[in-house]
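Engineer: Input: one structure, supplied below.
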Amino acid sequence: MSKRPPRPGFIFHWQVFVLVAVMFLAVLVVYWPSLRGEFVWDDPLLVQKNPLITGKLNVSSVWFATDFPLTLTVFWLEWLMWGTSPVGFHLVNVLLHALSAVLVWRVLLRLKIPGAWLGAAIFAVHPVCAATAAWVSEQKNTLALVFYLLSLLCYLRSEQERAKSESKSFAANAHTFYWFSLFTFLLALLSKTSTVMLPVVLIGCVWWQHGRLTRRDVLMTSPFFLLALVFGLLTVWFQKHQAMAGMAVQSENFWGRLAGAAMAVWFYIGKALLPFKLNMIYPRWTIDPLNWHSWAPLLMLVLLIALFWRFRSTWGRPMLFAAGYFIANLFPVLGFFDMYYLTLSRVSDHFQYLPLIGIAVLTGAGLHYLLRRWTKEPGVESGDETQNARVDRSVTRLINPRQPLIAKGGIALLLLSLSVLTFQRARVLASDEMLWRDTLAKNPEAWLAHNNLGCILAENHSYDEAIRHFRSSIQIHERNPQAHGNLARALAFEGKTNEAEEHIRIALAIKPDDAAVQRSFASILSSHGKQKQALAHLREAIRLEPDLETRLQFADLLHQTGNAQEAIVQYRQVLLLNGDSIEGLNNLAWLLATSYDPFLRNGPEAVRLATRACELTHHQQAMHLGTLAAALAEAGRLAEAVDVAEESARIAIAAGQPQIAAMNQQLLVLYRAGKAWHEPPLKFDSAQ
């Protein structure tokens, strides 16, 4: 019986399954520390303060308010699944990275590039990728790359089907793959617009396959270029008018930026080939266009590309293709366009996530070539039709018993070394404090790292060390309102209120429209007994940023100053923002139950609100149970109030909260006497 001929296209052979499984397993292993890690840097901004979560935007409006709406929507869906637990977010990010590595392999097979699996494996475990795969905020990168590679893969498949267009079915397939390629490119742009260079890559792939470009190639890629232009302009506008809001990012003219771009390209090449001393924030170098040294990197780059072009008919062709891909995908982040991150550094590992594939692929192809030469096999491409349907030839060479052990060991050692470096980098990125200490160890001038580490130390009540870092941040970058504001808060905790007020005034002078600074100033003024001035600053903070935290602080201060009516209004606003705000529920219930003004009291509503607060805390918080007891008493349910107050006192004693226990014991006397408790009105001293 004759064997059945292989079906064209992709056949999910068992070897393919094994290689995909190995890729995913390797990625999960090297990123294991990040899977158990916490949120770092600005991750909470995209999770807890996601505008979809906070209610500032809804699913429809978010698509017109940010430059990465699809990623923001995915964050929202993840939050619906596992709340604010970082594990789920990290797992999705790592799995997206593994999927991208597999897609890289399939794209390389489609392009008939030797060493496809090795190149994809190098990308999968490369340490530079940790700044994306282990950082939840950069799910923009991992999500965008999946769609980017799907678009590229579908475009290549459409070209292959079009070559067989003698058959109507093949022509129909070509159209389907083409439109799906355009659609997935749109999804990539909606995930992150750094994927705008895909049309250039498509042109490069056509040149790689056919050695020339035709008018038809230009026409076929023109819709991709149009999409890239529209999204590119939108992102430039968004960065200028929203992300930076008039902030000066770079002072260099075009020529200075051109010189800086060449420096950045060589920096990224160096980190791709020698991924040591990776950092979250690299030192920000200065560029002097009048100094000839500034132009040396550009001259070397031009000469290198010219050399590749000169020998494009032989060894220069793959070098030119890889260099073109690498530089093209770096172009949006080389400094020609202003971005907020450029205020911190001119380079970043997460900028190199997409371009790195070019270096990884070139390395894989080089290893494949060496393996072939070692065994003196004829030069069969790994992407021939049969092999593309089954498994990469470079892998069969690697597991070939005839292959020298030293060759296998060398490649295994390379992948293992990269994996160890990635594991170490993922461990650094798993903890906010570890990340900033690592950053400062490699770049002591990173003023933002000093500020962020100071915040962590202050939260842990290490105020002396926190103050040192805040002062260092200000010393490096004097016009730093966040550091001035944080220093003021830390000084206030240390009782140095006069110096604290001085720094908060400096912060306000630098950035008067900063709601966080206004809130900090209000806290310091309130601690000085200047409640009236504090309320004025909180009103301004609410005008600038009417979020939950600001309204809670404002409502609490209104309550303290005797303005119960306005406090109730603010607490209701808090619950509109978050109906399950425990603090909002508890404090509003307390006011509705105990206000001195009988017209403001509402026992039944107070019971409903306090009951919900107790449910959210599983009836284990003495303070919330005490509020529920007061609400029950106001509603006339005094027997229940006695039981709940006794339970509150018992939990308070067990938790080491004697003040709450004592208060409940005092209120129990009233409840047992058939009376509810109401706050006395504030008394003001008359002028003498």
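Residues in the structure tokens are named by chain (A, B, ... in the order shown) and by number from 1 within that chain; ligands are numbered from 1 in the order shown.
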Write out as a Markdown table the residues of region 130-158 of chain A that have any atom within 12 Å of an atom of region 268-284 of chain A, one row each with the nearest atom pair and its distance in Å to one decimal, counting only C-alpha atoms, sorted by chain and then rising number.
Structural biologist:
| residue | atom | partner | partner_atom | distance |
| --- | --- | --- | --- | --- |
| A:Ala130 | CA | A:Leu278 | CA | 9.7 |
| A:Ala131 | CA | A:Met280 | CA | 7.4 |
| A:Thr132 | CA | A:Met280 | CA | 10.7 |
| A:Ala134 | CA | A:Met280 | CA | 11.8 |
| A:Trp135 | CA | A:Met280 | CA | 10.6 |
Engineer: Write out the residues from the selection above, keeping N, CA and C atoms, as an mmCIF file, in the first residue's frame.
Structural biologist:
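result10.cif, freshly written:
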data_model
loop_
_atom_site.group_PDB
_atom_site.id
_atom_site.type_symbol
_atom_site.label_atom_id
_atom_site.label_comp_id
_atom_site.auth_asym_id
_atom_site.auth_seq_id
_atom_site.Cartn_x
_atom_site.Cartn_y
_atom_site.Cartn_z
ATOM 1 N N ALA A 130 13.224 40.151 29.821
ATOM 2 C CA ALA A 130 12.667 40.157 31.181
ATOM 3 C C ALA A 130 12.020 41.491 31.519
ATOM 4 N N ALA A 131 12.563 42.590 30.971
ATOM 5 C CA ALA A 131 11.984 43.907 31.246
ATOM 6 C C ALA A 131 10.588 44.044 30.673
ATOM 7 N N THR A 132 10.194 43.128 29.816
ATOM 8 C CA THR A 132 8.831 43.098 29.282
ATOM 9 C C THR A 132 8.026 41.961 29.899
ATOM 10 N N ALA A 134 8.463 40.129 32.552
ATOM 11 C CA ALA A 134 8.334 40.094 34.015
ATOM 12 C C ALA A 134 7.759 41.392 34.575
ATOM 13 N N TRP A 135 7.336 42.289 33.711
ATOM 14 C CA TRP A 135 6.803 43.589 34.136
ATOM 15 C C TRP A 135 5.387 43.697 33.602
#
Engineer: Write out as a tab-separated table the residues of region 467-544 of chain A that have any atom within 9 Å of an atom of region 454-463 of chain A, one row each with the nearest atom pair and its distance in Å to one decimal, counting only C-alpha atoms, sorted by chain and then rising number.
Structural biologist:
residue	atom	partner	partner_atom	distance
A:Ile467	CA	A:Tyr463	CA	5.9
A:Arg468	CA	A:Gly454	CA	7.8
A:His469	CA	A:Gly454	CA	5.3
A:Phe470	CA	A:Gly454	CA	5.9
A:Ala483	CA	A:Gly454	CA	8.8
A:Asn486	CA	A:Cys455	CA	7.2
A:Leu487	CA	A:Gly454	CA	8.6
A:Ala490	CA	A:Tyr463	CA	6.1
A:Leu491	CA	A:Tyr463	CA	8.0
A:Phe493	CA	A:Tyr463	CA	7.8
A:Glu494	CA	A:Tyr463	CA	7.3
Engineer: The selected residues should be written to file as a PDB file, in the first residue's frame (atoms: N, CA and C atoms).
Structural biologist:
ATOM      1  N   ILE A 467      14.087  59.390  54.050  1.00  0.00           N
ATOM      2  CA  ILE A 467      14.430  60.814  53.915  1.00  0.00           C
ATOM      3  C   ILE A 467      15.747  60.980  53.173  1.00  0.00           C
ATOM      4  N   ARG A 468      16.713  60.093  53.419  1.00  0.00           N
ATOM      5  CA  ARG A 468      17.998  60.171  52.711  1.00  0.00           C
ATOM      6  C   ARG A 468      17.806  59.979  51.203  1.00  0.00           C
ATOM      7  N   HIS A 469      16.955  59.041  50.842  1.00  0.00           N
ATOM      8  CA  HIS A 469      16.731  58.793  49.410  1.00  0.00           C
ATOM      9  C   HIS A 469      15.948  59.941  48.768  1.00  0.00           C
ATOM     10  N   PHE A 470      14.978  60.488  49.480  1.00  0.00           N
ATOM     11  CA  PHE A 470      14.248  61.637  48.930  1.00  0.00           C
ATOM     12  C   PHE A 470      15.187  62.824  48.719  1.00  0.00           C
ATOM     13  N   ALA A 483       9.339  64.086  44.695  1.00  0.00           N
ATOM     14  CA  ALA A 483      10.320  63.879  45.764  1.00  0.00           C
ATOM     15  C   ALA A 483      10.161  64.923  46.861  1.00  0.00           C
ATOM     16  N   ASN A 486       7.052  63.884  48.803  1.00  0.00           N
ATOM     17  CA  ASN A 486       7.311  62.696  49.625  1.00  0.00           C
ATOM     18  C   ASN A 486       8.223  63.015  50.802  1.00  0.00           C
ATOM     19  N   LEU A 487       9.228  63.866  50.554  1.00  0.00           N
ATOM     20  CA  LEU A 487      10.112  64.285  51.644  1.00  0.00           C
ATOM     21  C   LEU A 487       9.325  65.040  52.709  1.00  0.00           C
ATOM     22  N   ALA A 490       7.416  62.532  54.835  1.00  0.00           N
ATOM     23  CA  ALA A 490       8.307  61.796  55.739  1.00  0.00           C
ATOM     24  C   ALA A 490       8.774  62.679  56.886  1.00  0.00           C
ATOM     25  N   LEU A 491       9.098  63.935  56.585  1.00  0.00           N
ATOM     26  CA  LEU A 491       9.523  64.869  57.633  1.00  0.00           C
ATOM     27  C   LEU A 491       8.388  65.124  58.623  1.00  0.00           C
ATOM     28  N   PHE A 493       6.048  63.012  59.478  1.00  0.00           N
ATOM     29  CA  PHE A 493       5.978  61.849  60.361  1.00  0.00           C
ATOM     30  C   PHE A 493       7.062  61.891  61.429  1.00  0.00           C
ATOM     31  N   GLU A 494       8.203  62.494  61.084  1.00  0.00           N
ATOM     32  CA  GLU A 494       9.302  62.626  62.042  1.00  0.00           C
ATOM     33  C   GLU A 494       9.120  63.826  62.965  1.00  0.00           C
TER      34      GLU A 494
END
Engineer: Please extract the residues of region 29-241 of chain A with a backbone DSSP assignment of alpha helix (DSSP H) and present them as a PDB file with C-alpha atoms, in the first residue's frame.
Structural biologist:
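The result, stored in result25.pdb:
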ATOM      1  CA  VAL A  29      10.890  28.009  34.275  1.00  0.00           C
ATOM      2  CA  VAL A  30      13.045  31.077  33.618  1.00  0.00           C
ATOM      3  CA  TRP A  32       9.181  31.414  37.699  1.00  0.00           C
ATOM      4  CA  PRO A  33      10.351  34.175  40.124  1.00  0.00           C
ATOM      5  CA  SER A  34       8.123  36.736  38.428  1.00  0.00           C
ATOM      6  CA  LEU A  35       5.096  34.424  38.608  1.00  0.00           C
ATOM      7  CA  ASP A  43       1.867  48.353  37.578  1.00  0.00           C
ATOM      8  CA  PRO A  44      -0.729  49.556  40.136  1.00  0.00           C
ATOM      9  CA  LEU A  45      -1.616  52.436  37.793  1.00  0.00           C
ATOM     10  CA  LEU A  46      -2.784  49.915  35.210  1.00  0.00           C
ATOM     11  CA  PRO A  51      -9.711  53.993  34.385  1.00  0.00           C
ATOM     12  CA  LEU A  52     -12.063  51.108  33.584  1.00  0.00           C
ATOM     13  CA  ILE A  53     -11.775  49.886  37.168  1.00  0.00           C
ATOM     14  CA  THR A  54     -12.020  53.308  38.825  1.00  0.00           C
ATOM     15  CA  PRO A  69      -6.978  50.768  24.404  1.00  0.00           C
ATOM     16  CA  LEU A  70      -6.905  47.037  23.638  1.00  0.00           C
ATOM     17  CA  THR A  71      -4.269  46.384  26.320  1.00  0.00           C
ATOM     18  CA  LEU A  72      -6.236  48.470  28.808  1.00  0.00           C
ATOM     19  CA  THR A  73      -9.348  46.428  28.047  1.00  0.00           C
ATOM     20  CA  VAL A  74      -7.384  43.193  28.568  1.00  0.00           C
ATOM     21  CA  PHE A  75      -6.172  44.495  31.944  1.00  0.00           C
ATOM     22  CA  TRP A  76      -9.803  45.150  32.865  1.00  0.00           C
ATOM     23  CA  LEU A  77     -10.822  41.613  31.868  1.00  0.00           C
ATOM     24  CA  GLU A  78      -7.955  40.185  33.921  1.00  0.00           C
ATOM     25  CA  TRP A  79      -9.060  42.282  36.899  1.00  0.00           C
ATOM     26  CA  LEU A  80     -12.573  40.837  36.560  1.00  0.00           C
ATOM     27  CA  MET A  81     -11.070  37.328  36.697  1.00  0.00           C
ATOM     28  CA  TRP A  82      -8.629  37.598  39.610  1.00  0.00           C
ATOM     29  CA  PRO A  86      -0.496  39.895  40.648  1.00  0.00           C
ATOM     30  CA  VAL A  87      -0.147  36.162  39.918  1.00  0.00           C
ATOM     31  CA  GLY A  88      -2.739  36.102  37.151  1.00  0.00           C
ATOM     32  CA  PHE A  89      -1.365  39.216  35.467  1.00  0.00           C
ATOM     33  CA  HIS A  90       2.183  37.830  35.514  1.00  0.00           C
ATOM     34  CA  LEU A  91       1.054  34.447  34.199  1.00  0.00           C
ATOM     35  CA  VAL A  92      -0.759  35.993  31.231  1.00  0.00           C
ATOM     36  CA  ASN A  93       2.264  38.144  30.429  1.00  0.00           C
ATOM     37  CA  VAL A  94       4.674  35.190  30.520  1.00  0.00           C
ATOM     38  CA  LEU A  95       2.372  32.973  28.435  1.00  0.00           C
ATOM     39  CA  LEU A  96       2.018  35.717  25.822  1.00  0.00           C
ATOM     40  CA  HIS A  97       5.817  35.903  25.633  1.00  0.00           C
ATOM     41  CA  ALA A  98       6.047  32.121  25.160  1.00  0.00           C
ATOM     42  CA  LEU A  99       3.388  32.265  22.450  1.00  0.00           C
ATOM     43  CA  SER A 100       5.352  34.982  20.672  1.00  0.00           C
ATOM     44  CA  ALA A 101       8.471  32.804  20.729  1.00  0.00           C
ATOM     45  CA  VAL A 102       6.526  29.978  19.057  1.00  0.00           C
ATOM     46  CA  LEU A 103       5.160  32.407  16.446  1.00  0.00           C
ATOM     47  CA  VAL A 104       8.690  33.660  15.778  1.00  0.00           C
ATOM     48  CA  TRP A 105       9.650  30.071  14.975  1.00  0.00           C
ATOM     49  CA  ARG A 106       6.718  29.632  12.578  1.00  0.00           C
ATOM     50  CA  VAL A 107       7.437  32.947  10.821  1.00  0.00           C
ATOM     51  CA  LEU A 108      11.084  31.974  10.334  1.00  0.00           C
ATOM     52  CA  LEU A 109      10.077  28.631   8.850  1.00  0.00           C
ATOM     53  CA  ARG A 110       7.746  30.460   6.475  1.00  0.00           C
ATOM     54  CA  ALA A 116      14.478  28.861  13.071  1.00  0.00           C
ATOM     55  CA  TRP A 117      13.846  27.031  16.348  1.00  0.00           C
ATOM     56  CA  LEU A 118      17.222  28.013  17.801  1.00  0.00           C
ATOM     57  CA  GLY A 119      16.603  31.663  16.973  1.00  0.00           C
ATOM     58  CA  ALA A 120      13.142  31.533  18.570  1.00  0.00           C
ATOM     59  CA  ALA A 121      14.544  29.739  21.642  1.00  0.00           C
ATOM     60  CA  ILE A 122      17.238  32.397  22.082  1.00  0.00           C
ATOM     61  CA  PHE A 123      14.536  35.074  21.970  1.00  0.00           C
ATOM     62  CA  ALA A 124      12.383  33.110  24.439  1.00  0.00           C
ATOM     63  CA  ALA A 130      12.667  40.157  31.181  1.00  0.00           C
ATOM     64  CA  ALA A 131      11.984  43.907  31.246  1.00  0.00           C
ATOM     65  CA  THR A 132       8.831  43.098  29.282  1.00  0.00           C
ATOM     66  CA  ALA A 133       7.789  39.560  30.249  1.00  0.00           C
ATOM     67  CA  GLN A 139       1.822  43.510  28.705  1.00  0.00           C
ATOM     68  CA  LYS A 140       1.400  46.150  26.008  1.00  0.00           C
ATOM     69  CA  ASN A 141       4.549  44.700  24.439  1.00  0.00           C
ATOM     70  CA  THR A 142       3.725  41.005  24.776  1.00  0.00           C
ATOM     71  CA  LEU A 143       0.150  41.407  23.540  1.00  0.00           C
ATOM     72  CA  ALA A 144       1.195  43.635  20.640  1.00  0.00           C
ATOM     73  CA  LEU A 145       3.945  41.220  19.547  1.00  0.00           C
ATOM     74  CA  VAL A 146       1.509  38.285  19.330  1.00  0.00           C
ATOM     75  CA  PHE A 147      -0.705  40.236  16.916  1.00  0.00           C
ATOM     76  CA  TYR A 148       2.359  41.636  15.110  1.00  0.00           C
ATOM     77  CA  LEU A 149       3.685  38.137  14.401  1.00  0.00           C
ATOM     78  CA  LEU A 150       0.245  36.792  13.479  1.00  0.00           C
ATOM     79  CA  SER A 151      -0.103  39.617  10.977  1.00  0.00           C
ATOM     80  CA  LEU A 152       3.315  38.858   9.509  1.00  0.00           C
ATOM     81  CA  LEU A 153       2.606  35.125   9.370  1.00  0.00           C
ATOM     82  CA  CYS A 154      -0.750  35.628   7.651  1.00  0.00           C
ATOM     83  CA  TYR A 155       0.745  38.040   5.122  1.00  0.00           C
ATOM     84  CA  LEU A 156       3.442  35.534   4.199  1.00  0.00           C
ATOM     85  CA  ARG A 157       0.807  32.803   3.928  1.00  0.00           C
ATOM     86  CA  SER A 158      -1.318  35.004   1.664  1.00  0.00           C
ATOM     87  CA  GLU A 159       1.679  35.551  -0.608  1.00  0.00           C
ATOM     88  CA  GLN A 160       2.282  31.805  -0.730  1.00  0.00           C
ATOM     89  CA  GLU A 161      -1.356  31.118  -1.586  1.00  0.00           C
ATOM     90  CA  ARG A 162      -1.349  33.861  -4.213  1.00  0.00           C
ATOM     91  CA  LYS A 168      -9.693  29.566  -7.396  1.00  0.00           C
ATOM     92  CA  SER A 169      -9.565  27.989  -3.942  1.00  0.00           C
ATOM     93  CA  PHE A 170      -5.966  29.135  -3.476  1.00  0.00           C
ATOM     94  CA  ALA A 171      -6.914  32.661  -4.610  1.00  0.00           C
ATOM     95  CA  ALA A 172      -9.747  32.751  -2.055  1.00  0.00           C
ATOM     96  CA  ASN A 173      -7.345  31.592   0.664  1.00  0.00           C
ATOM     97  CA  ALA A 174      -4.923  34.355  -0.303  1.00  0.00           C
ATOM     98  CA  HIS A 175      -7.590  37.023   0.157  1.00  0.00           C
ATOM     99  CA  THR A 176      -8.645  35.562   3.505  1.00  0.00           C
ATOM    100  CA  PHE A 177      -5.117  35.512   4.884  1.00  0.00           C
ATOM    101  CA  TYR A 178      -4.417  39.015   3.556  1.00  0.00           C
ATOM    102  CA  TRP A 179      -7.425  40.596   5.260  1.00  0.00           C
ATOM    103  CA  PHE A 180      -6.760  38.682   8.460  1.00  0.00           C
ATOM    104  CA  SER A 181      -3.186  40.011   8.336  1.00  0.00           C
ATOM    105  CA  LEU A 182      -4.486  43.579   8.066  1.00  0.00           C
ATOM    106  CA  PHE A 183      -6.955  42.976  10.922  1.00  0.00           C
ATOM    107  CA  THR A 184      -4.323  41.552  13.289  1.00  0.00           C
ATOM    108  CA  PHE A 185      -2.026  44.476  12.453  1.00  0.00           C
ATOM    109  CA  LEU A 186      -4.823  46.785  13.598  1.00  0.00           C
ATOM    110  CA  LEU A 187      -5.057  44.811  16.854  1.00  0.00           C
ATOM    111  CA  ALA A 188      -1.285  45.128  17.290  1.00  0.00           C
ATOM    112  CA  LEU A 189      -1.508  48.910  16.883  1.00  0.00           C
ATOM    113  CA  LEU A 190      -4.369  49.067  19.375  1.00  0.00           C
ATOM    114  CA  SER A 191      -2.216  47.113  21.835  1.00  0.00           C
ATOM    115  CA  LEU A 198       5.451  46.245  10.493  1.00  0.00           C
ATOM    116  CA  PRO A 199       4.827  47.514   6.904  1.00  0.00           C
ATOM    117  CA  VAL A 200       8.557  48.143   6.532  1.00  0.00           C
ATOM    118  CA  VAL A 201       9.216  44.602   7.782  1.00  0.00           C
ATOM    119  CA  LEU A 202       6.722  43.230   5.237  1.00  0.00           C
ATOM    120  CA  ILE A 203       8.630  44.987   2.456  1.00  0.00           C
ATOM    121  CA  GLY A 204      11.860  43.546   3.869  1.00  0.00           C
ATOM    122  CA  CYS A 205      10.401  40.028   3.901  1.00  0.00           C
ATOM    123  CA  VAL A 206       9.341  40.350   0.254  1.00  0.00           C
ATOM    124  CA  TRP A 207      12.885  41.450  -0.629  1.00  0.00           C
ATOM    125  CA  TRP A 208      14.289  38.522   1.372  1.00  0.00           C
ATOM    126  CA  GLN A 209      12.102  36.019  -0.475  1.00  0.00           C
ATOM    127  CA  HIS A 210      12.361  37.385  -4.017  1.00  0.00           C
ATOM    128  CA  ARG A 215       4.677  47.686  -7.950  1.00  0.00           C
ATOM    129  CA  ARG A 216       2.237  45.068  -6.704  1.00  0.00           C
ATOM    130  CA  ASP A 217       4.208  44.682  -3.454  1.00  0.00           C
ATOM    131  CA  VAL A 218       3.906  48.409  -2.834  1.00  0.00           C
ATOM    132  CA  LEU A 219       0.156  48.324  -3.515  1.00  0.00           C
ATOM    133  CA  MET A 220      -0.397  45.314  -1.259  1.00  0.00           C
ATOM    134  CA  THR A 221       1.417  46.936   1.680  1.00  0.00           C
ATOM    135  CA  SER A 222      -0.056  50.426   1.199  1.00  0.00           C
ATOM    136  CA  PRO A 223      -3.059  49.798   3.555  1.00  0.00           C
ATOM    137  CA  PHE A 224      -0.574  48.731   6.241  1.00  0.00           C
ATOM    138  CA  PHE A 225       1.424  51.926   5.733  1.00  0.00           C
ATOM    139  CA  LEU A 226      -1.764  53.992   5.940  1.00  0.00           C
ATOM    140  CA  LEU A 227      -2.761  52.374   9.253  1.00  0.00           C
ATOM    141  CA  ALA A 228       0.759  52.868  10.597  1.00  0.00           C
ATOM    142  CA  LEU A 229       0.742  56.557   9.628  1.00  0.00           C
ATOM    143  CA  VAL A 230      -2.623  57.244  11.287  1.00  0.00           C
ATOM    144  CA  PHE A 231      -1.739  55.480  14.542  1.00  0.00           C
ATOM    145  CA  GLY A 232       1.758  56.957  14.569  1.00  0.00           C
ATOM    146  CA  LEU A 233       0.401  60.512  14.334  1.00  0.00           C
ATOM    147  CA  LEU A 234      -2.201  59.785  17.026  1.00  0.00           C
ATOM    148  CA  THR A 235       0.505  58.504  19.386  1.00  0.00           C
ATOM    149  CA  VAL A 236       2.743  61.527  18.769  1.00  0.00           C
ATOM    150  CA  TRP A 237      -0.238  63.774  19.589  1.00  0.00           C
ATOM    151  CA  PHE A 238      -1.131  61.742  22.697  1.00  0.00           C
TER     152      PHE A 238
END
Engineer: Excluding Glu501 (chain A) and residues on its chain fewer than 5 positions from it, collect all residues at most 12 Å away from it, counting only C-alpha atoms, and give them as a PyMOL selection string.
Structural biologist: chain A and resi 484-492+495-496+506-508+517-518+520-528
Engineer: Using only C-alpha atoms, please write the residues we just selected to a file, as a tab-separated table (two decimals), in the first residue's frame.
Structural biologist:
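Contents of the output file again30.tsv:
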chain	number	residue	atom	x	y	z
A	484	HIS	CA	9.69	67.23	47.48
A	485	GLY	CA	6.15	66.10	48.39
A	486	ASN	CA	7.31	62.70	49.62
A	487	LEU	CA	10.11	64.29	51.64
A	488	ALA	CA	7.58	66.62	53.21
A	489	ARG	CA	5.37	63.71	54.28
A	490	ALA	CA	8.31	61.80	55.74
A	491	LEU	CA	9.52	64.87	57.63
A	492	ALA	CA	6.01	65.41	58.99
A	495	GLY	CA	7.75	65.73	63.63
A	496	LYS	CA	9.80	68.18	61.52
A	506	ILE	CA	8.39	74.05	46.80
A	507	ALA	CA	6.50	71.10	45.28
A	508	LEU	CA	3.42	73.27	44.76
A	517	VAL	CA	0.91	67.40	46.31
A	518	GLN	CA	-2.28	69.27	47.23
A	520	SER	CA	0.00	66.11	51.05
A	521	PHE	CA	-0.11	69.81	51.89
A	522	ALA	CA	-3.60	69.36	53.33
A	523	SER	CA	-2.36	66.54	55.59
A	524	ILE	CA	0.51	68.65	56.92
A	525	LEU	CA	-1.72	71.67	57.51
A	526	SER	CA	-4.28	69.50	59.27
A	527	SER	CA	-1.60	68.11	61.59
A	528	HIS	CA	-0.74	71.75	62.43
Engineer: CA of Asn50 (chain A) and CA of Gly83 (chain A), how far apart in Å?
Structural biologist: 11.8 Å
Engineer: Go through A:Leu344, A:Val128, A:Val40, A:Ile327 one by one, measure the shortest atom-to-atom distance of each to Val265 (chain A) using only C-alpha atoms, and give the residue with the smallest value.
Structural biologist: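 With only C-alpha atoms as the atom set, the closest residue is A:Ile327.
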Engineer: Tell me which protein, DNA and RNA residues are within 8 Å of region 557-571 of chain A, counting only C-alpha atoms, leaving out same-chain ones fewer than 3 positions away, and put them as an MDAnalysis selection string.
Structural biologist: chainID A and resid 531 535 551:554 574:575 584:585 587:588 591:592 595 600 681:682
Engineer: For the residues in the current selection, export N, CA and C atoms as a compact mmCIF listing (two decimals), in the first residue's frame.
Structural biologist:
# COMPACT_ATOMS: atom_id res chain seq x y z
N GLN A 531 -7.08 73.42 59.88
CA GLN A 531 -8.06 72.65 59.12
C GLN A 531 -8.69 73.46 57.98
N LEU A 535 -8.68 72.22 54.17
CA LEU A 535 -9.88 71.99 53.36
C LEU A 535 -9.78 72.68 52.01
N ARG A 551 -11.42 62.18 47.77
CA ARG A 551 -12.75 62.44 48.36
C ARG A 551 -12.85 61.86 49.77
N LEU A 552 -12.23 60.70 49.99
CA LEU A 552 -12.24 60.13 51.34
C LEU A 552 -11.52 61.05 52.32
N GLN A 553 -10.36 61.54 51.92
CA GLN A 553 -9.61 62.44 52.79
C GLN A 553 -10.39 63.72 53.06
N PHE A 554 -11.04 64.24 52.01
CA PHE A 554 -11.82 65.47 52.14
C PHE A 554 -13.02 65.24 53.07
N VAL A 574 -17.95 59.03 46.99
CA VAL A 574 -17.00 57.92 47.09
C VAL A 574 -17.67 56.62 46.68
N LEU A 575 -18.90 56.39 47.19
CA LEU A 575 -19.60 55.14 46.88
C LEU A 575 -20.08 55.09 45.44
N GLY A 584 -15.57 54.04 52.84
CA GLY A 584 -16.72 54.89 52.51
C GLY A 584 -18.00 54.38 53.12
N LEU A 585 -18.23 53.06 53.04
CA LEU A 585 -19.44 52.46 53.62
C LEU A 585 -19.49 52.67 55.13
N ASN A 587 -17.80 54.86 57.12
CA ASN A 587 -17.85 56.24 57.60
C ASN A 587 -19.19 56.91 57.32
N LEU A 588 -19.78 56.61 56.15
CA LEU A 588 -21.10 57.17 55.86
C LEU A 588 -22.14 56.57 56.81
N LEU A 591 -21.91 58.34 60.18
CA LEU A 591 -22.52 59.68 60.18
C LEU A 591 -24.04 59.60 60.16
N LEU A 592 -24.59 58.71 59.32
CA LEU A 592 -26.05 58.60 59.24
C LEU A 592 -26.65 58.06 60.53
N SER A 595 -24.98 61.29 63.69
CA SER A 595 -24.87 62.75 63.51
C SER A 595 -25.70 63.49 64.56
N LEU A 600 -30.16 64.75 59.44
CA LEU A 600 -29.17 64.02 58.65
C LEU A 600 -29.18 62.53 58.95
N PRO A 681 -22.45 68.26 69.04
CA PRO A 681 -22.00 69.28 68.07
C PRO A 681 -20.68 69.89 68.53
N LEU A 682 -19.84 70.29 67.56
CA LEU A 682 -18.58 70.94 67.90
C LEU A 682 -18.84 72.28 68.53
Engineer: My list of candidates is A:Thr214, A:Ala606, A:Arg346, A:Thr422. Which is closest to Val27 (chain A) when distances are computed with only C-alpha atoms?
Structural biologist: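 Of the candidates, the smallest distance to Val27 (chain A) is held by A:Thr422.
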Engineer: Counting only C-alpha atoms, what is within 12 Å of Gly316 (chain A), bar same-chain residues fewer than 3 positions away, as a list in words?
Structural biologist: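 Listed by chain and then number, they are Trp208, Leu304, Ile305, Ala306, Leu307, Phe308, Trp309, Arg310, Phe311, Arg312, Ser313, Met319, Leu320, Phe321, Ala322, Ala323, Gly324 and Leu362 of chain A.
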Engineer: Using C-alpha atoms, can you export the residues from the last selection as a compact mmCIF listing (two decimals), in the first residue's frame?
Structural biologist:
# COMPACT_ATOMS: atom_id res chain seq x y z
CA TRP A 208 14.29 38.52 1.37
CA LEU A 304 28.64 48.55 8.40
CA ILE A 305 25.35 48.71 6.48
CA ALA A 306 27.26 49.73 3.33
CA LEU A 307 29.47 46.68 3.77
CA PHE A 308 26.43 44.41 4.09
CA TRP A 309 24.96 45.99 0.95
CA ARG A 310 28.19 45.54 -0.97
CA PHE A 311 28.13 41.78 -0.31
CA ARG A 312 24.35 41.41 -0.44
CA SER A 313 24.61 38.66 -3.04
CA MET A 319 23.18 40.44 7.78
CA LEU A 320 21.40 43.22 5.89
CA PHE A 321 17.99 41.62 6.47
CA ALA A 322 18.59 41.23 10.22
CA ALA A 323 20.04 44.75 10.56
CA GLY A 324 17.12 46.21 8.62
CA LEU A 362 20.79 35.98 13.20
Engineer: What does the distance from CA of Ala466 (chain A) to CA of Ala446 (chain A) come to in Å, to one decimal?
Structural biologist: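 Separating CA of Ala466 (chain A) from CA of Ala446 (chain A) is a distance of 15.2 Å.
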